[in-house]
file query_11.pdb (PDB, C-alpha atoms and all ligand atoms)
ATOM      1  CA  MET I 186    -131.686 -16.927 -24.842
ATOM      2  CA  LEU I 187    -128.117 -17.915 -25.661
ATOM      3  CA  ALA I 188    -128.294 -21.564 -24.620
ATOM      4  CA  GLU I 189    -129.918 -24.125 -22.362
ATOM      5  CA  VAL I 190    -128.356 -27.079 -20.572
ATOM      6  CA  HIS I 191    -130.434 -30.037 -19.331
ATOM      7  CA  TYR I 192    -129.214 -32.689 -16.927
ATOM      8  CA  GLY I 193    -130.500 -36.195 -16.396
ATOM      9  CA  GLN I 194    -130.324 -39.746 -17.545
ATOM     10  CA  GLY I 195    -130.004 -40.120 -21.296
ATOM     11  CA  ARG I 196    -127.125 -39.768 -23.694
ATOM     12  CA  SER I 197    -125.228 -36.495 -23.689
ATOM     13  CA  ALA I 198    -125.901 -34.534 -26.875
ATOM     14  CA  VAL I 199    -125.978 -31.110 -28.421
ATOM     15  CA  ALA I 200    -128.768 -29.932 -30.675
ATOM     16  CA  GLY I 201    -130.364 -26.752 -31.808
ATOM     17  CA  THR I 202    -131.985 -25.355 -34.869
ATOM     18  CA  GLY I 203    -132.039 -22.178 -32.796
ATOM     19  CA  HIS I 204    -129.839 -21.649 -29.755
ATOM     20  CA  PRO I 205    -127.676 -24.497 -28.428
ATOM     21  CA  GLN I 206    -129.621 -27.108 -26.472
ATOM     22  CA  ILE I 207    -127.290 -29.293 -24.524
ATOM     23  CA  ALA I 208    -128.074 -32.513 -22.673
ATOM     24  CA  ILE I 209    -125.638 -33.899 -20.123
ATOM     25  CA  ASP I 210    -126.008 -37.493 -18.918
ATOM     26  CA  MET I 211    -125.667 -36.607 -15.265
ATOM     27  CA  PRO I 212    -128.591 -37.174 -12.890
ATOM     28  CA  GLN I 213    -129.767 -34.308 -10.742
ATOM     29  CA  LEU I 214    -129.606 -35.330  -7.075
ATOM     30  CA  VAL I 215    -131.721 -32.791  -5.209
ATOM     31  CA  GLY I 216    -135.057 -31.086  -5.909
ATOM     32  CA  GLU I 217    -137.194 -30.706  -9.006
ATOM     33  CA  ALA I 218    -135.565 -30.894 -12.445
ATOM     34  CA  GLN I 219    -133.777 -27.616 -13.166
ATOM     35  CA  ILE I 220    -132.506 -26.227 -16.471
ATOM     36  CA  GLU I 221    -129.372 -24.098 -16.691
ATOM     37  CA  ILE I 222    -130.299 -21.184 -18.926
ATOM     38  CA  TRP I 223    -127.896 -18.660 -20.419
ATOM     39  CA  ILE I 224    -129.488 -15.321 -21.263
ATOM     40  CA  SER I 225    -128.526 -11.922 -22.592
ATOM     41  CA  ASP I 226    -130.200  -8.514 -22.861
ATOM     42  CA  LEU I 227    -128.460  -7.937 -26.213
ATOM     43  CA  PRO I 228    -129.788  -9.276 -29.530
ATOM     44  CA  VAL I 229    -128.739 -12.913 -30.025
ATOM     45  CA  SER I 230    -128.272 -14.917 -33.219
ATOM     46  CA  SER I 231    -127.800 -18.695 -33.431
ATOM     47  CA  HIS I 232    -125.789 -20.748 -35.898
ATOM     48  CA  ARG I 233    -124.351 -24.155 -36.796
ATOM     49  CA  SER I 234    -121.007 -24.898 -38.362
ATOM     50  CA  ASP I 235    -119.208 -28.259 -38.787
ATOM     51  CA  GLY I 236    -120.771 -30.022 -35.821
ATOM     52  CA  LEU I 237    -120.594 -26.954 -33.593
ATOM     53  CA  VAL I 238    -123.749 -25.196 -32.458
ATOM     54  CA  PHE I 239    -123.351 -21.649 -31.196
ATOM     55  CA  SER I 240    -125.089 -18.404 -30.451
ATOM     56  CA  ARG I 241    -123.648 -14.961 -30.004
ATOM     57  CA  ASN I 242    -124.361 -11.376 -29.174
ATOM     58  CA  ASP I 243    -122.124  -8.336 -29.682
ATOM     59  CA  GLU I 244    -119.899  -9.269 -26.751
ATOM     60  CA  LEU I 245    -119.815 -13.037 -26.372
ATOM     61  CA  LEU I 246    -120.094 -16.349 -28.133
ATOM     62  CA  PHE I 247    -121.604 -19.434 -26.462
ATOM     63  CA  GLY I 248    -120.760 -22.653 -28.290
ATOM     64  CA  CYS I 249    -120.898 -26.417 -27.921
ATOM     65  CA  ILE I 250    -119.620 -29.524 -29.609
ATOM     66  CA  ALA I 251    -120.254 -33.238 -29.152
ATOM     67  CA  ALA I 252    -118.077 -36.171 -30.192
ATOM     68  CA  GLU I 253    -118.178 -39.927 -29.894
ATOM     69  CA  THR I 254    -115.902 -41.375 -27.229
ATOM     70  CA  SER I 255    -114.230 -44.554 -28.342
ATOM     71  CA  GLU I 256    -113.108 -47.263 -25.912
ATOM     72  CA  SER I 257    -109.557 -46.852 -27.137
ATOM     73  CA  GLY I 258    -107.553 -44.296 -25.199
ATOM     74  CA  LYS I 259    -105.684 -43.116 -28.281
ATOM     75  CA  ALA I 260    -108.863 -42.622 -30.297
ATOM     76  CA  PHE I 261    -110.413 -40.720 -27.377
ATOM     77  CA  GLU I 262    -107.386 -38.411 -27.178
ATOM     78  CA  LYS I 263    -107.658 -37.789 -30.910
ATOM     79  CA  SER I 264    -111.282 -36.753 -30.614
ATOM     80  CA  VAL I 265    -110.482 -34.384 -27.705
ATOM     81  CA  PHE I 266    -107.643 -32.809 -29.704
ATOM     82  CA  HIS I 267    -109.869 -32.456 -32.755
ATOM     83  CA  ALA I 268    -112.737 -30.942 -30.747
ATOM     84  CA  TYR I 269    -110.410 -28.278 -29.317
ATOM     85  CA  GLN I 270    -109.007 -27.521 -32.768
ATOM     86  CA  GLN I 271    -112.560 -26.994 -34.032
ATOM     87  CA  ILE I 272    -113.343 -24.732 -31.087
ATOM     88  CA  PHE I 273    -110.216 -22.624 -31.667
ATOM     89  CA  LYS I 274    -111.022 -22.299 -35.368
ATOM     90  CA  LEU I 275    -114.621 -21.278 -34.709
ATOM     91  CA  ILE I 276    -113.795 -18.588 -32.160
ATOM     92  CA  GLU I 277    -111.044 -17.158 -34.391
ATOM     93  CA  ASP I 278    -113.286 -17.144 -37.469
ATOM     94  CA  GLN I 279    -116.151 -15.535 -35.562
ATOM     95  CA  GLY I 280    -113.997 -12.813 -33.989
ATOM     96  CA  PHE I 281    -114.289 -14.029 -30.377
ATOM     97  CA  PRO I 282    -110.762 -15.410 -29.976
ATOM     98  CA  HIS I 283    -110.571 -15.346 -26.174
ATOM     99  CA  LEU I 284    -111.907 -18.349 -24.275
ATOM    100  CA  LEU I 285    -113.307 -17.357 -20.894
ATOM    101  CA  ARG I 286    -114.840 -20.587 -19.603
ATOM    102  CA  VAL I 287    -115.093 -24.224 -20.768
ATOM    103  CA  TRP I 288    -117.132 -27.187 -19.467
ATOM    104  CA  ASN I 289    -116.020 -30.713 -20.445
ATOM    105  CA  TYR I 290    -118.173 -33.786 -19.792
ATOM    106  CA  PHE I 291    -117.481 -37.393 -20.806
ATOM    107  CA  PRO I 292    -117.991 -40.935 -19.455
ATOM    108  CA  GLY I 293    -115.408 -43.219 -17.892
ATOM    109  CA  ILE I 294    -113.264 -40.359 -16.585
ATOM    110  CA  ASN I 295    -111.403 -42.568 -14.080
ATOM    111  CA  ARG I 296    -111.277 -45.652 -16.314
ATOM    112  CA  ILE I 297    -107.835 -46.837 -17.358
ATOM    113  CA  THR I 298    -107.409 -47.600 -21.050
ATOM    114  CA  GLY I 299    -104.049 -48.374 -22.600
ATOM    115  CA  GLY I 300    -102.357 -47.863 -19.240
ATOM    116  CA  LEU I 301    -103.596 -44.283 -18.797
ATOM    117  CA  GLU I 302    -106.585 -42.923 -16.887
ATOM    118  CA  ARG I 303    -108.999 -41.288 -19.304
ATOM    119  CA  TYR I 304    -108.851 -37.913 -17.521
ATOM    120  CA  ARG I 305    -105.075 -37.920 -17.924
ATOM    121  CA  GLY I 306    -105.405 -38.738 -21.609
ATOM    122  CA  PHE I 307    -107.909 -35.900 -21.893
ATOM    123  CA  CYS I 308    -105.407 -33.520 -20.245
ATOM    124  CA  LYS I 309    -102.666 -34.620 -22.644
ATOM    125  CA  ALA I 310    -104.809 -34.000 -25.722
ATOM    126  CA  ARG I 311    -106.177 -30.668 -24.438
ATOM    127  CA  SER I 312    -102.681 -29.493 -23.542
ATOM    128  CA  ASP I 313    -101.364 -30.459 -26.991
ATOM    129  CA  ALA I 314    -104.205 -28.535 -28.619
ATOM    130  CA  PHE I 315    -103.580 -25.366 -26.561
ATOM    131  CA  GLN I 316     -99.811 -25.530 -27.119
ATOM    132  CA  ARG I 317    -100.205 -25.924 -30.836
ATOM    133  CA  GLN I 318    -102.659 -23.012 -30.997
ATOM    134  CA  TYR I 319    -101.004 -20.405 -28.770
ATOM    135  CA  ALA I 320     -97.337 -19.504 -28.337
ATOM    136  CA  ASP I 321     -98.238 -17.996 -24.926
ATOM    137  CA  TYR I 322    -100.682 -20.787 -24.054
ATOM    138  CA  LEU I 323    -100.229 -20.681 -20.266
ATOM    139  CA  ARG I 324    -101.591 -17.148 -20.248
ATOM    140  CA  ARG I 325    -104.553 -18.099 -22.444
ATOM    141  CA  LEU I 326    -105.918 -20.961 -20.335
ATOM    142  CA  PRO I 327    -109.592 -20.402 -19.424
ATOM    143  CA  SER I 328    -111.430 -21.445 -16.308
ATOM    144  CA  ALA I 329    -112.872 -24.927 -16.715
ATOM    145  CA  THR I 330    -114.709 -27.959 -15.432
ATOM    146  CA  VAL I 331    -114.030 -31.597 -16.292
ATOM    147  CA  VAL I 332    -116.540 -34.013 -14.776
ATOM    148  CA  GLY I 333    -117.410 -37.608 -15.661
ATOM    149  CA  THR I 334    -120.876 -38.529 -16.912
ATOM    150  CA  HIS I 335    -122.661 -41.892 -16.788
ATOM    151  CA  GLY I 336    -122.653 -42.454 -20.525
ATOM    152  CA  GLY I 337    -122.973 -40.828 -23.913
ATOM    153  CA  GLY I 338    -120.107 -39.115 -25.678
ATOM    154  CA  LEU I 339    -117.885 -36.123 -25.077
ATOM    155  CA  VAL I 340    -119.679 -32.787 -24.759
ATOM    156  CA  ILE I 341    -117.816 -29.507 -24.476
ATOM    157  CA  TYR I 342    -119.510 -26.128 -24.080
ATOM    158  CA  PHE I 343    -117.732 -22.821 -23.837
ATOM    159  CA  ILE I 344    -117.948 -19.053 -23.652
ATOM    160  CA  ALA I 345    -115.593 -16.841 -25.655
ATOM    161  CA  ALA I 346    -115.222 -13.072 -25.901
ATOM    162  CA  ARG I 347    -113.851 -10.433 -28.248
ATOM    163  CA  GLU I 348    -111.473  -9.136 -25.566
ATOM    164  CA  ALA I 349    -109.587 -11.276 -23.064
ATOM    165  CA  GLY I 350    -110.827 -11.846 -19.536
ATOM    166  CA  LYS I 351    -108.495 -11.850 -16.559
ATOM    167  CA  HIS I 352    -107.581 -15.399 -15.582
ATOM    168  CA  ARG I 353    -107.031 -15.840 -11.846
ATOM    169  CA  GLU I 354    -105.238 -18.330  -9.609
ATOM    170  CA  ASN I 355    -105.932 -19.478  -6.049
ATOM    171  CA  PRO I 356    -103.504 -18.567  -3.234
ATOM    172  CA  ARG I 357    -104.304 -21.927  -1.515
ATOM    173  CA  GLN I 358    -103.597 -24.057  -4.570
ATOM    174  CA  THR I 359    -100.759 -24.773  -6.970
ATOM    175  CA  SER I 360    -101.759 -23.609 -10.440
ATOM    176  CA  ALA I 361    -103.135 -26.720 -12.145
ATOM    177  CA  TYR I 362    -100.939 -26.069 -15.199
ATOM    178  CA  ARG I 363     -97.953 -26.408 -12.827
ATOM    179  CA  TYR I 364     -99.002 -29.635 -11.101
ATOM    180  CA  PRO I 365     -96.004 -31.995 -10.859
ATOM    181  CA  PRO I 366     -95.892 -34.979 -13.257
ATOM    182  CA  ASP I 367     -97.224 -37.366 -10.561
ATOM    183  CA  TYR I 368    -100.720 -36.455 -11.772
ATOM    184  CA  GLY I 369    -100.221 -37.368 -15.409
ATOM    185  CA  PRO I 370     -98.145 -36.788 -18.524
ATOM    186  CA  ALA I 371     -99.529 -33.270 -19.060
ATOM    187  CA  SER I 372    -100.720 -30.828 -16.398
ATOM    188  CA  PRO I 373    -104.379 -29.788 -16.596
ATOM    189  CA  SER I 374    -104.847 -26.756 -18.873
ATOM    190  CA  PHE I 375    -107.099 -24.442 -16.914
ATOM    191  CA  ALA I 376    -107.151 -21.311 -14.762
ATOM    192  CA  ARG I 377    -108.837 -21.332 -11.337
ATOM    193  CA  ALA I 378    -111.226 -18.537 -12.344
ATOM    194  CA  THR I 379    -111.821 -15.865 -14.970
ATOM    195  CA  LEU I 380    -112.988 -12.303 -14.387
ATOM    196  CA  LYS I 381    -114.677 -10.477 -17.247
ATOM    197  CA  ARG I 382    -115.759  -6.851 -16.883
ATOM    198  CA  TRP I 383    -117.714  -4.319 -18.882
ATOM    199  CA  LYS I 384    -117.703  -0.959 -17.085
ATOM    200  CA  GLY I 385    -119.559  -1.652 -13.856
ATOM    201  CA  LEU I 386    -120.754  -5.059 -14.982
ATOM    202  CA  GLU I 387    -118.849  -8.191 -14.018
ATOM    203  CA  VAL I 388    -118.944 -11.937 -14.446
ATOM    204  CA  PHE I 389    -116.605 -14.107 -12.394
ATOM    205  CA  PHE I 390    -116.412 -17.710 -13.591
ATOM    206  CA  ILE I 391    -115.109 -20.092 -10.912
ATOM    207  CA  SER I 392    -113.646 -23.365 -12.176
ATOM    208  CA  GLY I 393    -114.555 -26.720 -10.742
ATOM    209  CA  THR I 394    -112.970 -26.611  -7.291
ATOM    210  CA  ALA I 395    -112.190 -29.639  -5.145
ATOM    211  CA  SER I 396    -110.501 -30.581  -1.896
ATOM    212  CA  ILE I 397    -106.983 -29.847  -3.110
ATOM    213  CA  LEU I 398    -104.446 -27.875  -1.060
ATOM    214  CA  GLY I 399    -101.265 -27.046  -2.916
ATOM    215  CA  HIS I 400    -101.485 -29.921  -5.360
ATOM    216  CA  ALA I 401    -102.479 -32.670  -2.889
ATOM    217  CA  SER I 402    -105.950 -34.137  -2.398
ATOM    218  CA  ARG I 403    -107.169 -33.742   1.198
ATOM    219  CA  HIS I 404    -109.741 -35.529   3.402
ATOM    220  CA  ARG I 405    -109.596 -38.872   1.635
ATOM    221  CA  GLY I 406    -112.871 -40.785   2.114
ATOM    222  CA  ASP I 407    -114.528 -37.860   3.946
ATOM    223  CA  ILE I 408    -116.999 -36.115   1.661
ATOM    224  CA  GLY I 409    -118.030 -33.568   4.317
ATOM    225  CA  GLY I 410    -114.408 -32.620   4.935
ATOM    226  CA  GLN I 411    -113.855 -32.403   1.187
ATOM    227  CA  LEU I 412    -116.851 -30.123   0.726
ATOM    228  CA  ASP I 413    -115.638 -27.758   3.471
ATOM    229  CA  GLU I 414    -112.120 -27.668   1.973
ATOM    230  CA  SER I 415    -113.569 -26.963  -1.476
ATOM    231  CA  LEU I 416    -115.627 -24.112  -0.031
ATOM    232  CA  ARG I 417    -112.546 -22.635   1.646
ATOM    233  CA  ASN I 418    -110.848 -22.770  -1.751
ATOM    234  CA  VAL I 419    -113.742 -20.984  -3.460
ATOM    235  CA  GLN I 420    -113.843 -18.407  -0.681
ATOM    236  CA  ALA I 421    -110.098 -17.710  -0.983
ATOM    237  CA  LEU I 422    -110.396 -17.389  -4.754
ATOM    238  CA  ILE I 423    -113.272 -14.904  -4.556
ATOM    239  CA  GLU I 424    -111.738 -12.848  -1.744
ATOM    240  CA  ASN I 425    -108.283 -12.725  -3.333
ATOM    241  CA  THR I 426    -109.682 -11.570  -6.684
ATOM    242  CA  ALA I 427    -112.013  -9.084  -4.981
ATOM    243  CA  GLN I 428    -109.042  -7.512  -3.198
ATOM    244  CA  GLU I 429    -106.582  -7.449  -6.055
ATOM    245  CA  GLU I 430    -109.044  -6.412  -8.752
ATOM    246  CA  ARG I 431    -111.317  -4.206  -6.627
ATOM    247  CA  THR I 432    -114.432  -5.950  -7.880
ATOM    248  CA  GLY I 433    -118.063  -5.243  -7.074
ATOM    249  CA  PHE I 434    -118.236  -8.565  -5.186
ATOM    250  CA  ARG I 435    -116.508  -9.543  -1.937
ATOM    251  CA  GLY I 436    -117.151 -13.078  -0.806
ATOM    252  CA  LEU I 437    -119.082 -16.322  -0.877
ATOM    253  CA  SER I 438    -122.407 -14.638  -0.188
ATOM    254  CA  ASP I 439    -122.156 -12.826  -3.534
ATOM    255  CA  LEU I 440    -122.332 -16.071  -5.523
ATOM    256  CA  SER I 441    -125.131 -16.027  -8.123
ATOM    257  CA  LEU I 442    -125.106 -19.711  -8.947
ATOM    258  CA  LEU I 443    -123.460 -22.928  -7.789
ATOM    259  CA  LYS I 444    -123.092 -26.359  -9.314
ATOM    260  CA  VAL I 445    -122.151 -29.191  -6.977
ATOM    261  CA  TYR I 446    -120.939 -32.530  -8.337
ATOM    262  CA  SER I 447    -121.049 -35.510  -6.006
ATOM    263  CA  ARG I 448    -119.581 -38.882  -6.926
ATOM    264  CA  LEU I 449    -121.926 -40.674  -4.503
ATOM    265  CA  PRO I 450    -125.677 -40.181  -4.937
ATOM    266  CA  ARG I 451    -126.311 -41.271  -1.340
ATOM    267  CA  ALA I 452    -124.183 -38.370  -0.070
ATOM    268  CA  ALA I 453    -126.432 -35.734  -1.652
ATOM    269  CA  ASP I 454    -128.297 -34.851   1.561
ATOM    270  CA  LEU I 455    -125.106 -34.593   3.576
ATOM    271  CA  VAL I 456    -123.544 -32.359   0.925
ATOM    272  CA  ARG I 457    -126.601 -30.103   0.759
ATOM    273  CA  GLN I 458    -126.836 -29.781   4.562
ATOM    274  CA  ARG I 459    -123.149 -28.978   4.858
ATOM    275  CA  LEU I 460    -123.300 -26.427   2.052
ATOM    276  CA  GLU I 461    -126.387 -24.738   3.467
ATOM    277  CA  ALA I 462    -124.804 -24.636   6.925
ATOM    278  CA  ALA I 463    -121.868 -22.742   5.424
ATOM    279  CA  ILE I 464    -123.573 -20.347   2.998
ATOM    280  CA  GLY I 465    -127.309 -20.473   3.690
ATOM    281  CA  ARG I 466    -130.064 -21.427   1.273
ATOM    282  CA  THR I 467    -130.362 -18.341  -0.888
ATOM    283  CA  ILE I 468    -127.876 -19.163  -3.668
ATOM    284  CA  PRO I 469    -129.443 -21.103  -6.571
ATOM    285  CA  THR I 470    -127.656 -24.473  -6.598
ATOM    286  CA  LEU I 471    -127.714 -27.462  -8.897
ATOM    287  CA  TYR I 472    -126.725 -30.816  -7.345
ATOM    288  CA  LEU I 473    -125.492 -33.368  -9.867
ATOM    289  CA  GLN I 474    -124.081 -36.851  -9.744
ATOM    290  CA  GLY I 475    -120.745 -36.795 -11.522
ATOM    291  CA  ASP I 476    -117.358 -38.460 -11.288
ATOM    292  CA  ILE I 477    -114.530 -36.186 -10.175
ATOM    293  CA  CYS I 478    -111.312 -36.283 -12.173
ATOM    294  CA  ARG I 479    -109.103 -37.674  -9.396
ATOM    295  CA  SER I 480    -110.383 -40.985  -8.086
ATOM    296  CA  ASP I 481    -109.735 -39.920  -4.448
ATOM    297  CA  LEU I 482    -112.021 -36.883  -4.787
ATOM    298  CA  LEU I 483    -115.711 -37.241  -3.935
ATOM    299  CA  VAL I 484    -117.104 -33.761  -4.485
ATOM    300  CA  GLU I 485    -116.443 -30.646  -6.555
ATOM    301  CA  ILE I 486    -118.118 -27.237  -6.732
ATOM    302  CA  GLU I 487    -118.130 -24.489  -9.329
ATOM    303  CA  GLY I 488    -119.853 -21.139  -9.416
ATOM    304  CA  ILE I 489    -120.550 -17.815 -11.029
ATOM    305  CA  VAL I 490    -120.679 -14.338  -9.544
ATOM    306  CA  GLN I 491    -122.584 -11.731 -11.550
ATOM    307  CA  VAL I 492    -122.500  -8.025 -10.748
ATOM    308  CA  GLY I 493    -125.126  -5.871 -12.430
ATOM    309  CA  ASP I 494    -126.686  -7.222 -15.628
ATOM    310  CA  PRO I 495    -123.672  -8.372 -17.652
ATOM    311  CA  PRO I 496    -124.209  -9.381 -21.319
ATOM    312  CA  ILE I 497    -124.332 -13.050 -20.350
ATOM    313  CA  ARG I 498    -126.027 -14.449 -17.285
ATOM    314  CA  ALA I 499    -126.801 -17.952 -16.066
ATOM    315  CA  VAL I 500    -130.046 -18.749 -14.256
ATOM    316  CA  LEU I 501    -131.578 -21.984 -13.020
TER     317      LEU I 501
HETATM  318  C1  LIG I 601    -108.334 -29.832  -9.655
HETATM  319  O1  LIG I 601    -108.355 -28.748  -9.072
HETATM  320  C2  LIG I 601    -109.604 -30.615  -9.627
HETATM  321  O2  LIG I 601    -108.876 -30.358 -15.846
HETATM  322  O3  LIG I 601    -110.011 -28.592 -16.459
HETATM  323  C3  LIG I 601    -111.221 -29.029 -11.681
HETATM  324  C4  LIG I 601    -111.567 -28.120 -12.684
HETATM  325  C5  LIG I 601    -110.380 -30.083 -11.965
HETATM  326  C6  LIG I 601    -111.075 -28.269 -13.977
HETATM  327  C7  LIG I 601    -109.666 -29.439 -15.607
HETATM  328  C8  LIG I 601    -109.891 -30.216 -13.263
HETATM  329  C9  LIG I 601    -110.224 -29.324 -14.255
HETATM  330  O4  LIG I 601    -107.325 -30.286 -10.192
HETATM  331  C10 LIG I 601    -110.023 -31.092 -10.938
END
call {"tool": "encode", "arguments": {"input": "query_11.pdb", "output": "structure tokens"}}
result
Amino acid sequence: MLAEVHYGQGRSAVAGTGHPQIAIDMPQLVGEAQIEIWISDLPVSSHRSDGLVFSRNDELLFGCIAAETSESGKAFEKSVFHAYQQIFKLIEDQGFPHLLRVWNYFPGINRITGGLERYRGFCKARSDAFQRQYADYLRRLPSATVVGTHGGGLVIYFIAAREAGKHRENPRQTSAYRYPPDYGPASPSFARATLKRWKGLEVFFISGTASILGHASRHRGDIGGQLDESLRNVQALIENTAQEERTGFRGLSDLSLLKVYSRLPRAADLVRQRLEAAIGRTIPTLYLQGDICRSDLLVEIEGIVQVGDPPIRAVL
């Protein structure tokens, strides 16, 4: 096992004398409690270093870091910047310098402190960290998720590789790193998806995907409409990459795992019904209550496609 991620009420945290054990303060909305488990067929070793917990095999490193989140916007931005600097240092030192995928969870994502929404402050600090680290930072941006938790601190977990993955964009959406300044002082530093291949084996990491066309939010106040738009975005992303990269997967039905974040717990049944109507009930799916990074967005979905038995796999 490379890592396990638990969801539910209780402060977010990372622990592990062995592999990383991550807790995210985000209630599960549907079904029995599930654990997100990251496994590998290759030998795995686990380590700690300066507040980071990580495990690795010959191909990949899975790491996590937790930090306190202060009420002050400036102090929060500092801790985000510092966390990213620690991540960059770790992956360089360990010989896995290429980030593939990053998950970011923290409370109060839409709260305004010091005149700036916390998500926007997060984006500023993350962007500063990437720009300071990489001269060609736009080409290094990994796929990502940023979702708001109930409480606890900042938790970031990530997957890095020895060789770069192929970061992908969505033909229906403006690249997030080119969003106009209306959405905050720094554009969000992430790619829409990342494809990683080892001859015949593939992992396709799909970033958190919401009801955004171009750069505009769509279907305000309509969670069903937002879910359908998000699914069309995921479908376009998978199909476009499948065509251009000639992958072993083709479309939505090839998804291996989905995570669905709903801002409103009472909408969980509607979201599940709508999702199952579109893609059936066979894809393992985790439904979580989380706050989406734009206050007009109610739902967000992310996923993974796995072809063959790649050296890292997620199961629920
Ligand atoms: C969006 O497309 C919706 O800031 O890393 C989704 C996934 C979103 C990742 C990020 C933000 C991020 O802009 C929000």
call {"tool": "axis_aligned_box", "arguments": {"input": "query_11.pdb", "around": "ligand LIG 601 (chain I)", "padding_each_side": "4 Å", "output": "AutoDock Vina command-line options"}}
result
--center_x -109.4 --center_y -29.6 --center_z -12.8 --size_x 12.2 --size_y 11.0 --size_z 15.4
call {"tool": "residues_near_ligand", "arguments": {"input": "query_11.pdb", "ligand": "ligand LIG 601 (chain I)", "cutoff": "10 Å", "atoms": "only C-alpha atoms and all ligand atoms", "output": "ChimeraX atom specification"}}
result
/I:286-289,304-305,307-308,311-312,326-332,358-362,364,368,372-378,391-402,415,418,477-479,482,484-487
call {"tool": "write_last_selection", "arguments": {"input": "query_11.pdb", "atoms": "C-alpha atoms", "output": "PDB file, keeping the file's coordinate frame"}}
result
ATOM      1  CA  ARG I 286    -114.840 -20.587 -19.603  1.00  0.00           C
ATOM      2  CA  VAL I 287    -115.093 -24.224 -20.768  1.00  0.00           C
ATOM      3  CA  TRP I 288    -117.132 -27.187 -19.467  1.00  0.00           C
ATOM      4  CA  ASN I 289    -116.020 -30.713 -20.445  1.00  0.00           C
ATOM      5  CA  TYR I 304    -108.851 -37.913 -17.521  1.00  0.00           C
ATOM      6  CA  ARG I 305    -105.075 -37.920 -17.924  1.00  0.00           C
ATOM      7  CA  PHE I 307    -107.909 -35.900 -21.893  1.00  0.00           C
ATOM      8  CA  CYS I 308    -105.407 -33.520 -20.245  1.00  0.00           C
ATOM      9  CA  ARG I 311    -106.177 -30.668 -24.438  1.00  0.00           C
ATOM     10  CA  SER I 312    -102.681 -29.493 -23.542  1.00  0.00           C
ATOM     11  CA  LEU I 326    -105.918 -20.961 -20.335  1.00  0.00           C
ATOM     12  CA  PRO I 327    -109.592 -20.402 -19.424  1.00  0.00           C
ATOM     13  CA  SER I 328    -111.430 -21.445 -16.308  1.00  0.00           C
ATOM     14  CA  ALA I 329    -112.872 -24.927 -16.715  1.00  0.00           C
ATOM     15  CA  THR I 330    -114.709 -27.959 -15.432  1.00  0.00           C
ATOM     16  CA  VAL I 331    -114.030 -31.597 -16.292  1.00  0.00           C
ATOM     17  CA  VAL I 332    -116.540 -34.013 -14.776  1.00  0.00           C
ATOM     18  CA  GLN I 358    -103.597 -24.057  -4.570  1.00  0.00           C
ATOM     19  CA  THR I 359    -100.759 -24.773  -6.970  1.00  0.00           C
ATOM     20  CA  SER I 360    -101.759 -23.609 -10.440  1.00  0.00           C
ATOM     21  CA  ALA I 361    -103.135 -26.720 -12.145  1.00  0.00           C
ATOM     22  CA  TYR I 362    -100.939 -26.069 -15.199  1.00  0.00           C
ATOM     23  CA  TYR I 364     -99.002 -29.635 -11.101  1.00  0.00           C
ATOM     24  CA  TYR I 368    -100.720 -36.455 -11.772  1.00  0.00           C
ATOM     25  CA  SER I 372    -100.720 -30.828 -16.398  1.00  0.00           C
ATOM     26  CA  PRO I 373    -104.379 -29.788 -16.596  1.00  0.00           C
ATOM     27  CA  SER I 374    -104.847 -26.756 -18.873  1.00  0.00           C
ATOM     28  CA  PHE I 375    -107.099 -24.442 -16.914  1.00  0.00           C
ATOM     29  CA  ALA I 376    -107.151 -21.311 -14.762  1.00  0.00           C
ATOM     30  CA  ARG I 377    -108.837 -21.332 -11.337  1.00  0.00           C
ATOM     31  CA  ALA I 378    -111.226 -18.537 -12.344  1.00  0.00           C
ATOM     32  CA  ILE I 391    -115.109 -20.092 -10.912  1.00  0.00           C
ATOM     33  CA  SER I 392    -113.646 -23.365 -12.176  1.00  0.00           C
ATOM     34  CA  GLY I 393    -114.555 -26.720 -10.742  1.00  0.00           C
ATOM     35  CA  THR I 394    -112.970 -26.611  -7.291  1.00  0.00           C
ATOM     36  CA  ALA I 395    -112.190 -29.639  -5.145  1.00  0.00           C
ATOM     37  CA  SER I 396    -110.501 -30.581  -1.896  1.00  0.00           C
ATOM     38  CA  ILE I 397    -106.983 -29.847  -3.110  1.00  0.00           C
ATOM     39  CA  LEU I 398    -104.446 -27.875  -1.060  1.00  0.00           C
ATOM     40  CA  GLY I 399    -101.265 -27.046  -2.916  1.00  0.00           C
ATOM     41  CA  HIS I 400    -101.485 -29.921  -5.360  1.00  0.00           C
ATOM     42  CA  ALA I 401    -102.479 -32.670  -2.889  1.00  0.00           C
ATOM     43  CA  SER I 402    -105.950 -34.137  -2.398  1.00  0.00           C
ATOM     44  CA  SER I 415    -113.569 -26.963  -1.476  1.00  0.00           C
ATOM     45  CA  ASN I 418    -110.848 -22.770  -1.751  1.00  0.00           C
ATOM     46  CA  ILE I 477    -114.530 -36.186 -10.175  1.00  0.00           C
ATOM     47  CA  CYS I 478    -111.312 -36.283 -12.173  1.00  0.00           C
ATOM     48  CA  ARG I 479    -109.103 -37.674  -9.396  1.00  0.00           C
ATOM     49  CA  LEU I 482    -112.021 -36.883  -4.787  1.00  0.00           C
ATOM     50  CA  VAL I 484    -117.104 -33.761  -4.485  1.00  0.00           C
ATOM     51  CA  GLU I 485    -116.443 -30.646  -6.555  1.00  0.00           C
ATOM     52  CA  ILE I 486    -118.118 -27.237  -6.732  1.00  0.00           C
ATOM     53  CA  GLU I 487    -118.130 -24.489  -9.329  1.00  0.00           C
TER      54      GLU I 487
END
call {"tool": "residues_around", "arguments": {"input": "query_11.pdb", "residues": "Val229 in chain I", "least_positions_apart": "6", "cutoff": "10 Å", "atoms": "only C-alpha atoms", "output": "PyMOL selection string"}}
result
chain I and resi 186-187+204+240-243+245-246
call {"tool": "residues_near_point", "arguments": {"input": "query_11.pdb", "point": "(-116.8, -13.9, -1.4)", "cutoff": "12 Å", "atoms": "all atoms listed in the file", "output": "ChimeraX atom specification"}}
result
/I:389,391,416-428,432-441,464,488-491
